[in-house]
$ cat work.tsv   # TSV, C-alpha atoms
chain	number	residue	atom	x	y	z
A	1	MET	CA	169.94	-88.04	78.85
A	2	GLU	CA	169.06	-85.20	81.22
A	3	SER	CA	172.26	-85.66	83.24
A	4	ALA	CA	174.32	-85.67	80.02
A	5	VAL	CA	172.76	-82.39	78.96
A	6	GLU	CA	173.53	-80.87	82.35
A	7	GLU	CA	177.18	-81.91	82.00
A	8	LEU	CA	177.43	-80.16	78.63
A	9	MET	CA	175.40	-77.14	79.72
A	10	PRO	CA	175.81	-76.69	83.48
A	11	ARG	CA	173.25	-74.49	85.16
A	12	LEU	CA	174.51	-71.07	86.11
A	13	LEU	CA	172.23	-71.01	89.19
A	14	PRO	CA	171.09	-74.55	90.04
A	15	VAL	CA	167.42	-74.57	90.96
A	16	GLY	CA	165.58	-77.41	92.66
A	17	ASP	CA	161.86	-78.06	92.73
A	18	CYS	CA	159.97	-74.80	93.03
A	19	ASP	CA	157.28	-74.47	95.66
A	20	VAL	CA	154.26	-73.01	93.93
A	21	ALA	CA	150.64	-72.61	94.93
A	22	GLU	CA	148.13	-75.34	94.14
A	23	ASP	CA	146.32	-73.04	91.75
A	24	PHE	CA	149.48	-72.41	89.70
A	25	ASP	CA	148.63	-72.05	86.00
A	26	PRO	CA	151.69	-72.19	83.66
A	27	THR	CA	149.73	-70.43	80.92
A	28	MET	CA	149.28	-67.32	83.04
A	29	PRO	CA	151.95	-64.64	83.73
A	30	PRO	CA	154.01	-65.60	86.81
A	31	ARG	CA	153.14	-63.85	90.06
A	32	THR	CA	156.15	-64.84	92.16
A	33	PRO	CA	159.80	-65.73	91.51
A	34	SER	CA	159.00	-69.38	92.23
A	35	GLU	CA	156.25	-69.41	89.61
A	36	TYR	CA	158.61	-67.80	87.08
A	37	LEU	CA	161.31	-70.43	87.67
A	38	LYS	CA	158.74	-73.24	87.51
A	39	ARG	CA	157.48	-71.91	84.19
A	40	VAL	CA	161.05	-71.80	82.82
A	41	GLN	CA	161.56	-75.44	83.88
A	42	ILE	CA	158.35	-76.53	82.16
A	43	GLU	CA	159.25	-74.71	78.91
A	44	ALA	CA	162.77	-76.18	78.94
A	45	ALA	CA	161.39	-79.69	79.40
A	46	ARG	CA	159.19	-79.24	76.34
A	47	CYS	CA	162.17	-78.41	74.08
A	48	PRO	CA	163.20	-81.34	71.86
A	49	ASP	CA	166.65	-82.83	72.39
A	50	VAL	CA	167.48	-82.57	68.68
A	51	VAL	CA	166.22	-79.99	66.19
A	52	VAL	CA	166.54	-80.56	62.44
A	53	ALA	CA	166.39	-77.59	60.10
A	54	GLN	CA	164.12	-77.95	57.10
A	55	ILE	CA	166.20	-76.80	54.11
A	56	ASP	CA	164.92	-76.48	50.58
A	57	PRO	CA	167.76	-77.63	48.26
A	58	ARG	CA	166.22	-75.70	45.37
A	59	LYS	CA	166.96	-72.41	47.12
A	60	LEU	CA	170.60	-73.36	47.66
A	61	ARG	CA	171.11	-73.98	43.95
A	62	LYS	CA	170.08	-70.40	43.16
A	63	LYS	CA	172.46	-68.83	45.69
A	64	GLN	CA	175.93	-70.14	45.03
A	65	THR	CA	178.84	-69.58	47.38
A	66	VAL	CA	180.64	-66.25	46.89
A	67	ASN	CA	184.35	-66.61	46.23
A	68	ILE	CA	186.55	-64.27	48.26
A	69	SER	CA	190.14	-63.80	47.19
A	70	LEU	CA	192.60	-64.36	50.02
A	71	THR	CA	195.69	-64.56	47.83
A	72	GLY	CA	198.89	-62.77	48.68
A	73	CYS	CA	200.93	-60.43	46.53
A	74	HIS	CA	201.75	-61.12	42.91
A	75	PRO	CA	205.33	-62.36	42.65
A	76	ALA	CA	207.76	-59.76	41.36
A	77	PRO	CA	208.59	-60.10	37.66
A	78	GLU	CA	212.08	-61.25	36.82
A	79	GLY	CA	214.57	-58.53	37.65
A	80	TYR	CA	212.12	-56.57	39.82
A	81	SER	CA	212.45	-58.44	43.11
A	82	PRO	CA	214.58	-56.64	45.72
A	83	THR	CA	217.38	-58.36	47.57
A	84	LEU	CA	216.98	-59.39	51.20
A	85	LYS	CA	219.78	-57.00	52.19
A	86	TRP	CA	217.95	-54.08	50.55
A	87	GLN	CA	214.73	-54.98	52.33
A	88	GLN	CA	216.49	-55.19	55.68
A	89	GLN	CA	218.08	-51.78	55.11
A	90	GLN	CA	214.71	-50.22	54.30
A	91	VAL	CA	213.12	-51.69	57.43
A	92	SER	CA	215.99	-50.38	59.57
A	93	HIS	CA	215.75	-46.89	58.07
A	94	PHE	CA	211.97	-46.86	58.40
A	95	SER	CA	212.22	-47.85	62.05
A	96	ALA	CA	214.62	-44.95	62.68
A	97	VAL	CA	212.21	-42.54	60.94
A	98	ARG	CA	209.36	-43.69	63.17
A	99	GLN	CA	211.43	-43.31	66.32
A	100	SER	CA	212.50	-39.80	65.34
A	101	LEU	CA	208.91	-38.84	64.51
A	102	ASN	CA	207.62	-40.07	67.88
A	103	LYS	CA	210.44	-38.35	69.74
A	104	HIS	CA	209.89	-34.96	68.14
A	105	ARG	CA	206.13	-35.14	67.56
A	106	ASN	CA	205.26	-32.53	70.21
A	107	HIS	CA	207.87	-30.12	68.82
A	108	TRP	CA	206.54	-30.33	65.25
A	109	LYS	CA	202.94	-30.26	66.41
A	110	ALA	CA	203.61	-26.92	68.11
A	111	GLN	CA	204.92	-25.34	64.90
A	112	HIS	CA	202.59	-22.83	63.23
A	113	LEU	CA	201.16	-23.79	59.87
A	114	ASP	CA	201.30	-21.36	56.96
A	115	SER	CA	198.16	-19.37	56.32
A	116	ASN	CA	197.42	-21.36	53.15
A	117	VAL	CA	197.40	-24.71	54.99
A	118	THR	CA	193.91	-25.78	56.03
A	119	MET	CA	193.77	-29.42	57.04
A	120	PRO	CA	190.44	-31.10	56.15
A	121	LYS	CA	188.29	-32.78	58.76
A	122	SER	CA	188.95	-36.48	59.30
A	123	GLU	CA	185.74	-37.58	57.56
A	124	ASP	CA	186.26	-35.34	54.48
A	125	GLU	CA	187.51	-37.92	51.96
A	126	GLU	CA	187.43	-35.67	48.92
A	127	GLY	CA	189.05	-32.85	50.88
A	128	TRP	CA	191.98	-35.06	51.91
A	129	LYS	CA	192.53	-36.39	48.39
A	130	LEU	CA	192.68	-32.82	47.11
A	131	PHE	CA	194.91	-31.74	50.01
A	132	CYS	CA	197.43	-34.56	49.50
A	133	LEU	CA	197.43	-34.87	45.71
A	134	GLY	CA	196.65	-31.33	44.56
A	135	GLU	CA	194.21	-29.92	42.06
A	136	LYS	CA	196.23	-30.91	38.97
A	137	LEU	CA	196.35	-34.59	39.91
A	138	TYR	CA	192.96	-34.80	41.60
A	139	SER	CA	190.89	-33.07	38.95
A	140	GLU	CA	190.75	-34.85	35.60
A	141	ALA	CA	189.68	-31.55	34.00
A	142	ALA	CA	192.67	-29.64	35.38
A	143	ILE	CA	194.41	-27.39	32.88
A	144	ALA	CA	198.19	-27.54	32.70
A	145	VAL	CA	199.82	-24.50	34.28
A	146	SER	CA	202.58	-22.78	32.32
A	147	GLY	CA	205.95	-22.30	33.95
A	148	ASN	CA	205.81	-18.50	34.09
A	149	GLU	CA	202.36	-18.42	35.67
A	150	ASN	CA	203.58	-19.26	39.17
A	151	LEU	CA	206.60	-17.59	40.69
A	152	GLY	CA	206.52	-19.82	43.77
A	153	ILE	CA	205.27	-23.24	44.76
A	154	ASP	CA	201.49	-23.48	44.68
A	155	TYR	CA	200.71	-26.38	46.99
A	156	VAL	CA	197.01	-26.06	46.33
A	157	LYS	CA	197.70	-27.16	42.75
A	158	ILE	CA	200.39	-29.76	43.36
A	159	GLY	CA	199.27	-30.97	46.79
A	160	PHE	CA	200.79	-30.44	50.21
A	161	PRO	CA	203.70	-32.75	50.99
A	162	PRO	CA	203.48	-34.70	54.27
A	163	PHE	CA	205.36	-32.07	56.28
A	164	LEU	CA	206.15	-33.07	59.86
A	165	SER	CA	204.17	-30.07	61.06
A	166	ILE	CA	201.13	-31.57	59.28
A	167	VAL	CA	201.36	-35.31	60.04
A	168	SER	CA	202.27	-34.62	63.69
A	169	ARG	CA	198.83	-33.04	64.10
A	170	MET	CA	197.02	-36.16	62.86
A	171	ASN	CA	195.66	-38.56	65.47
A	172	GLN	CA	195.39	-42.30	64.77
A	173	ALA	CA	191.79	-42.07	63.59
A	174	THR	CA	192.76	-39.45	61.02
A	175	VAL	CA	195.88	-41.36	59.96
A	176	THR	CA	193.80	-44.48	59.34
A	177	SER	CA	191.08	-42.55	57.52
A	178	VAL	CA	193.48	-40.72	55.18
A	179	LEU	CA	195.34	-43.97	54.53
A	180	GLU	CA	192.04	-45.55	53.50
A	181	TYR	CA	191.17	-42.59	51.24
A	182	LEU	CA	194.49	-42.73	49.41
A	183	ILE	CA	194.49	-46.52	49.08
A	184	ASN	CA	191.00	-46.33	47.59
A	185	TRP	CA	192.30	-43.71	45.17
A	186	PHE	CA	195.28	-45.90	44.30
A	187	GLY	CA	192.92	-48.80	43.57
A	188	GLU	CA	191.63	-46.94	40.51
A	189	LYS	CA	194.47	-44.55	39.61
A	190	GLU	CA	198.14	-44.72	38.71
A	191	PHE	CA	200.94	-44.59	41.22
A	192	THR	CA	202.57	-41.16	41.52
A	193	PRO	CA	205.44	-39.74	43.60
A	194	GLU	CA	202.96	-37.52	45.49
A	195	LEU	CA	200.92	-40.57	46.46
A	196	GLY	CA	204.01	-42.54	47.40
A	197	ARG	CA	205.29	-39.83	49.76
A	198	TRP	CA	201.98	-39.68	51.60
A	199	LEU	CA	201.63	-43.45	51.87
A	200	TYR	CA	205.13	-43.70	53.35
A	201	ALA	CA	204.44	-40.89	55.83
A	202	LEU	CA	201.13	-42.39	56.94
A	203	LEU	CA	202.74	-45.78	57.48
A	204	ALA	CA	205.38	-44.04	59.58
A	205	CYS	CA	202.60	-42.55	61.74
A	206	LEU	CA	200.70	-45.80	62.11
A	207	GLU	CA	200.94	-47.13	65.65
A	208	LYS	CA	201.56	-50.77	66.55
A	209	PRO	CA	199.85	-53.05	67.40
A	210	LEU	CA	197.67	-52.44	64.39
A	211	LEU	CA	193.93	-52.03	64.70
A	212	PRO	CA	191.93	-54.50	62.55
A	213	GLU	CA	190.97	-51.84	59.99
A	214	ALA	CA	194.59	-50.69	59.64
A	215	HIS	CA	195.73	-54.30	59.29
A	216	SER	CA	193.32	-54.83	56.41
A	217	LEU	CA	194.28	-51.54	54.74
A	218	ILE	CA	198.02	-52.13	54.62
A	219	ARG	CA	197.52	-55.62	53.19
A	220	GLN	CA	195.29	-54.09	50.53
A	221	LEU	CA	198.04	-51.58	49.82
A	222	ALA	CA	200.72	-54.24	49.38
A	223	ARG	CA	198.53	-56.27	47.02
A	224	ARG	CA	197.77	-53.20	44.92
A	225	CYS	CA	201.47	-52.35	44.70
A	226	SER	CA	202.23	-55.86	43.46
A	227	GLU	CA	199.46	-55.59	40.82
A	228	VAL	CA	200.85	-52.30	39.50
A	229	ARG	CA	204.39	-53.67	39.50
A	230	VAL	CA	203.40	-56.63	37.33
A	231	LEU	CA	201.95	-54.25	34.74
A	232	GLU	CA	205.03	-52.03	34.68
A	233	GLU	CA	206.39	-52.68	31.19
A	234	ASN	CA	209.00	-49.94	30.92
A	235	LYS	CA	210.78	-51.06	34.07
A	236	ASN	CA	210.79	-47.56	35.56
A	237	GLU	CA	213.37	-48.16	38.26
A	238	GLU	CA	212.22	-45.27	40.44
A	239	LYS	CA	208.59	-46.37	40.35
A	240	VAL	CA	209.38	-50.06	40.85
A	241	SER	CA	211.66	-49.19	43.76
A	242	ALA	CA	208.87	-47.19	45.41
A	243	LEU	CA	206.41	-50.06	44.98
A	244	ASN	CA	208.96	-52.53	46.33
A	245	LEU	CA	209.51	-50.27	49.33
A	246	LEU	CA	205.83	-50.16	50.28
A	247	ILE	CA	205.49	-53.94	49.92
A	248	CYS	CA	208.64	-54.38	52.00
A	249	LEU	CA	207.39	-52.16	54.84
A	250	VAL	CA	203.98	-53.81	54.99
A	251	SER	CA	205.35	-57.34	54.89
A	252	ARG	CA	208.54	-57.08	56.91
A	253	TYR	CA	208.07	-54.16	59.30
A	254	PHE	CA	204.36	-54.71	60.00
A	255	ASP	CA	204.84	-58.51	60.07
A	256	GLN	CA	202.68	-59.51	57.10
A	257	ARG	CA	205.27	-62.08	56.08
A	258	ASP	CA	203.04	-63.92	53.65
A	259	LEU	CA	203.12	-60.81	51.42
A	260	ALA	CA	206.90	-60.46	51.40
A	261	ASP	CA	208.96	-60.57	48.20
A	262	GLU	CA	211.22	-63.55	47.88
A	263	PRO	CA	214.84	-62.32	47.82
A	264	SER	CA	216.34	-62.16	44.34
$ encode --input "work.tsv" --output "structure tokens"
Amino acid sequence: MESAVEELMPRLLPVGDCDVAEDFDPTMPPRTPSEYLKRVQIEAARCPDVVVAQIDPRKLRKKQTVNISLTGCHPAPEGYSPTLKWQQQQVSHFSAVRQSLNKHRNHWKAQHLDSNVTMPKSEDEEGWKLFCLGEKLYSEAAIAVSGNENLGIDYVKIGFPPFLSIVSRMNQATVTSVLEYLINWFGEKEFTPELGRWLYALLACLEKPLLPEAHSLIRQLARRCSEVRVLEENKNEEKVSALNLLICLVSRYFDQRDLADEPS
């Protein structure tokens, strides 16, 4: 039995019989390396070959297994599923956008931001939601602004678009964080054009191979898009197209094929 155990668990440093003094007492702290190794051998010999856990079945009945949903996207309703050709075109265009962004990143990063643009810190979730979506969309208590009240575009109220001069300044940690903030927002709110533009831009900035947290986030995004699409009763073509686009990019560009829409 001992030789079989050694075959399964070979010793890292094989040790033979240890020469210890005649007055060696295994209950006392070891005084020499040989005494330490001898004590380890004695303790190992006392370990049983098989250990059986004592489990109380009554405790298991009280704590049932938690079900975790690992399902893919909801299938597109009839008439909503994009064609394979359309999906391939979107992937090709998206790839070109990413290449252009990477090529000119340093140029756009060097551009000066307007005085009213203050990018939040990476960990400021509420600040980024307000920055991307604007006061009117972010605040449920926002008061509608009349047309003659603003002569120009007030990005503080409507949110800053994902300008190249802004997203080029975002490192991967910030890209992932903001993506998480907006996906969390989308999990409880409606889909809007402002949200869609930012999600597209952040995906364009996301580097491959994906980090585990980014991998999980984009799958969450695709599932949420499919949930919203199923509930779309008025068949808003612009909204459905945007949702289809995000699902397409996650599934076909970022290789999450199990989430892809079946071609119509």
$ closest_residue --input "work.tsv" --among "A:Arg31, A:Arg219, A:Lys38, A:Lys208" --to "Leu179 in chain A" --atoms "all atoms listed in the file"
A:Arg219
$ atom_distance --input "work.tsv" --atom1 "CA of Cys47 in chain A" --atom2 "CA of Glu22 in chain A"
24.7 Å
$ closest_residue --input "work.tsv" --among "A:Val117, A:Val52, A:Ala242, A:Val250" --to "Ala204 in chain A" --atoms "only C-alpha atoms"
A:Val250
$ closest_residue --input "work.tsv" --among "A:His93, A:Lys121, A:Lys157, A:Arg169" --to "Asn106 in chain A" --atoms "all atoms listed in the file"
A:Arg169
$ atom_distance --input "work.tsv" --atom1 "CA of Gly187 in chain A" --atom2 "CA of Asp124 in chain A"
18.6 Å
$ atom_distance --input "work.tsv" --atom1 "CA of Lys85 in chain A" --atom2 "CA of Leu182 in chain A"
29.2 Å
$ residues_near_point --input "work.tsv" --point "(200.5, -53.8, 39.0)" --cutoff "10 Å" --atoms "all atoms listed in the file" --output "list in words"
His74, Ala76, Glu190, Phe191, Arg223, Arg224, Cys225, Ser226, Glu227, Val228, Arg229, Val230, Leu231, Glu232, Glu233, Val240 and Leu243 of chain A
$ closest_residue --input "work.tsv" --among "A:Pro75, A:Glu135, A:Ile153, A:Trp86" --to "Leu259 in chain A" --atoms "only C-alpha atoms"
A:Pro75
$ closest_residue --input "work.tsv" --among "A:Thr118, A:Thr176, A:Thr83, A:Thr192" --to "Leu137 in chain A" --atoms "only C-alpha atoms"
A:Thr192
$ residues_around --input "work.tsv" --residues "Cys248 in chain A" --least-positions-apart "6" --cutoff "8 Å" --atoms "all atoms listed in the file" --output "PyMOL selection string"
chain A and resi 87+90-91+260-261
$ residues_around --input "work.tsv" --residues "Ala110 in chain A" --least-positions-apart "5" --cutoff "10 Å" --atoms "all atoms listed in the file" --output "list of chain:residue names"
A:Arg105, A:Ser165, A:Ser168, A:Arg169
$ closest_residue --input "work.tsv" --among "A:Trp108, A:Phe24, A:Tyr200, A:Trp185" --to "Tyr36 in chain A" --atoms "only C-alpha atoms"
A:Phe24
$ residues_around --input "work.tsv" --residues "Tyr181 in chain A" --least-positions-apart "3" --cutoff "12 Å" --atoms "all atoms listed in the file" --output "ChimeraX atom specification"
/A:122-133,174-178,184-188,195,198-199,202,217,221
$ axis_aligned_box --input "work.tsv" --around "range 240-246 of chain A" --padding-each-side "6 Å" --output "AutoDock Vina command-line options"
--center_x 208.7 --center_y -49.9 --center_z 45.6 --size_x 17.8 --size_y 17.3 --size_z 21.4
